[in-house]
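**Q** If you scroll down you'll find the structure; I have some questions about it.
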Amino acid sequence: FRMSDAMVVSTPYLKEIYEEFNPNIYVIPNSLDFRIWGNLKHRANRDFIRIGWAGGKTHEDDLKIIEPVVHKILEKYKNVRFSFVCGVPKFFRGIDRVETIEDGVRIDRYPQFLASRSFDIGLAPLVDNAFNRGKSNLRWLEYAGLKVPCVASAVGHFAETITPDHDGILCENTSEGQWIDALSWLIEDESARRKMGKAANQTARRKFNIEANVFEYAKILNEI
């Protein structure tokens, strides 16, 4: 880090952490290419609501936050199914109306792969620790690319970029009731789901669009 002329990071928190090693740090957020994300086939579910999560294999502690929530939502709503894609912990396997998908795909096929999961609501639970505070809002961003409303932990970049109850919902990790209330609202109100998903998509297109942010990259590289 000290030998570099400059660094590019994806969140303000990372800049704050790494300034100890390098004074020339630029923040460029992760962005979507809407030439891809704006043309995906995303099938709507008719007879049930699918609540989904997609991620890697290092999120067991994060998903533990919503373990009791999943069971209570399944008990409360018979028209709800959950889908967990990649990195699925054991405590979500073998449950009725909980789909688990272990196989991943190449990164160039990932946008359509995620769209084909047909989420109606997306989840983004995150333990509040230094590692997660450094993460970008990528999970919300990918849901937004599909016009899927997201219920996320009020942590780090998610808390900084989501406008609550407009383009997403933020919940405290210690409040099981907040997660249940947020999911219940979106399950019961199709209009709210569509409105929030559309608002998230508009935010992503405005602030996290590669067609605009690529020029910021060019500007920074020229300065360096």
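Identifiers in the structure tokens: chain A, B, ... in order shown; residue index from 1 per chain; ligand index from 1 in order shown.
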Chain A: which residues are strand (DSSP E) by DSSP, as JSON, numbers by chain?
**A** {"A": [7, 8, 9, 25, 26, 27, 49, 50, 51, 52, 53, 54, 80, 81, 82, 83, 84, 85, 98, 99, 100, 101, 121, 122, 123, 124, 150, 151, 152, 153, 169, 170, 171]}
**Q** Do you have, as a tab-separated table, the list of residues of stretch 141-199 of chain A lying at most 12 Å from stretch 112-116 of chain A, each with its nearest atom pair and that distance in Å to one decimal, counting only C-alpha atoms and ordered by chain then number?
**A**
```
residue	atom	partner	partner_atom	distance
A:Glu142	CA	A:Leu114	CA	8.5
A:Tyr143	CA	A:Leu114	CA	8.8
A:Ala144	CA	A:Ala115	CA	11.1
A:Gly145	CA	A:Ala115	CA	9.3
A:Leu146	CA	A:Ala115	CA	6.8
A:Lys147	CA	A:Ala115	CA	10.1
A:Val148	CA	A:Ala115	CA	9.8
```
**Q** Could you give me, as a ChimeraX atom specification, the residues within 8 Å of A:Ala152, counting only C-alpha atoms and dropping anything in the same chain fewer than 5 positions from it?
**A** /A:123-126,140,158,168-171
**Q** Once you have the residues from the selection above, write them out as a CSV table (one decimal), in the first residue's frame, restricted to N, CA, C and O atoms.
**A**
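out-v1.csv, freshly written:
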```csv
chain,number,residue,atom,x,y,z
A,123,LEU,N,-32.6,-10.2,0.6
A,123,LEU,CA,-32.1,-10.1,1.9
A,123,LEU,C,-30.6,-9.7,1.9
A,123,LEU,O,-29.9,-10.2,1.1
A,124,ALA,N,-30.2,-8.9,2.9
A,124,ALA,CA,-28.8,-8.6,3.1
A,124,ALA,C,-28.5,-8.4,4.6
A,124,ALA,O,-28.1,-7.3,5.0
A,125,PRO,N,-28.5,-9.5,5.3
A,125,PRO,CA,-28.1,-9.4,6.7
A,125,PRO,C,-26.6,-9.4,6.9
A,125,PRO,O,-25.9,-10.1,6.2
A,126,LEU,N,-26.1,-8.5,7.7
A,126,LEU,CA,-24.6,-8.4,7.9
A,126,LEU,C,-24.3,-8.1,9.4
A,126,LEU,O,-24.9,-7.2,10.0
A,140,TRP,N,-27.3,-5.2,-2.2
A,140,TRP,CA,-28.4,-4.3,-2.5
A,140,TRP,C,-28.4,-3.9,-4.0
A,140,TRP,O,-29.5,-3.8,-4.6
A,158,PHE,N,-24.4,-0.1,3.4
A,158,PHE,CA,-25.8,-0.3,3.2
A,158,PHE,C,-26.6,0.9,3.9
A,158,PHE,O,-27.4,1.5,3.3
A,168,GLY,N,-35.2,0.8,-0.1
A,168,GLY,CA,-34.8,-0.3,0.7
A,168,GLY,C,-35.3,-0.2,2.1
A,168,GLY,O,-35.9,0.8,2.5
A,169,ILE,N,-35.1,-1.2,2.9
A,169,ILE,CA,-35.4,-1.2,4.3
A,169,ILE,C,-34.2,-1.6,5.1
A,169,ILE,O,-33.5,-2.6,4.8
A,170,LEU,N,-33.9,-0.8,6.2
A,170,LEU,CA,-32.8,-1.1,7.1
A,170,LEU,C,-33.3,-1.6,8.4
A,170,LEU,O,-34.3,-1.0,9.0
A,171,CYS,N,-32.7,-2.7,8.9
A,171,CYS,CA,-33.1,-3.2,10.2
A,171,CYS,C,-31.9,-3.4,11.1
A,171,CYS,O,-30.8,-3.6,10.7
```
**Q** Would you mind listing what lies within 7 Å of stretch 2-18 of chain A as a list in words, with only C-alpha atoms counted and same-chain residues fewer than 5 positions away left out?
**A**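 Listed by chain and then number, they are Asn24, Ile25, Tyr26, Val27, Ile28, Pro29, Asn30, Arg133, Gly134, Ser136, His157 and Ile224 of chain A.
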**Q** If you keep C-alpha atoms, can you produce a file of those selected residues as a short mmCIF file (atom, residue, chain, number, x, y, z; two decimals), in the first residue's frame?
**A**
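Below you can see part24.cif, which holds the result:
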```
data_model
loop_
_atom_site.label_atom_id
_atom_site.label_comp_id
_atom_site.auth_asym_id
_atom_site.auth_seq_id
_atom_site.Cartn_x
_atom_site.Cartn_y
_atom_site.Cartn_z
CA ASN A 24 -3.78 9.28 -2.04
CA ILE A 25 -6.97 7.26 -1.81
CA TYR A 26 -9.96 7.63 -4.11
CA VAL A 27 -13.45 6.23 -3.57
CA ILE A 28 -15.24 4.83 -6.60
CA PRO A 29 -18.36 2.82 -5.76
CA ASN A 30 -19.09 -0.56 -7.26
CA ARG A 133 -18.30 -2.21 7.48
CA GLY A 134 -15.70 -2.26 4.70
CA SER A 136 -19.80 -2.16 -0.46
CA HIS A 157 -22.26 1.11 3.18
CA ILE A 224 -2.39 9.94 -10.80
#
```
**Q** For atom CA of A:Leu141 and atom CA of A:Glu67, determine how far apart the two atoms are, in Å to one decimal place.
**A**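 These atoms are spaced 23.1 Å apart.
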**Q** Grab the atom CA of A:Pro89 to atom CA of A:Gly56 distance for me, in Å with one decimal place.
**A**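 We find that atom CA of A:Pro89 and atom CA of A:Gly56 lie 10.6 Å from each other.
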**Q** Per DSSP on the backbone, what are the helix (DSSP H, G or I) residues of stretch 1-167 of chain A, as a PyMOL selection string?
**A** chain A and resi 12-18+34-37+60-64+67-76+90-92+107-115+130-133+138-145+156-161
**Q** Residues at most 12 Å from stretch 37-49 of chain A, counting only C-alpha atoms, excluding those fewer than 4 positions away in the same chain, as an MDAnalysis selection string?
**A** chainID A and resid 31:33 73:74 77:83 97:98 108:122 141:148 183:184 186:190 193:194 201:202 204:205 209:210
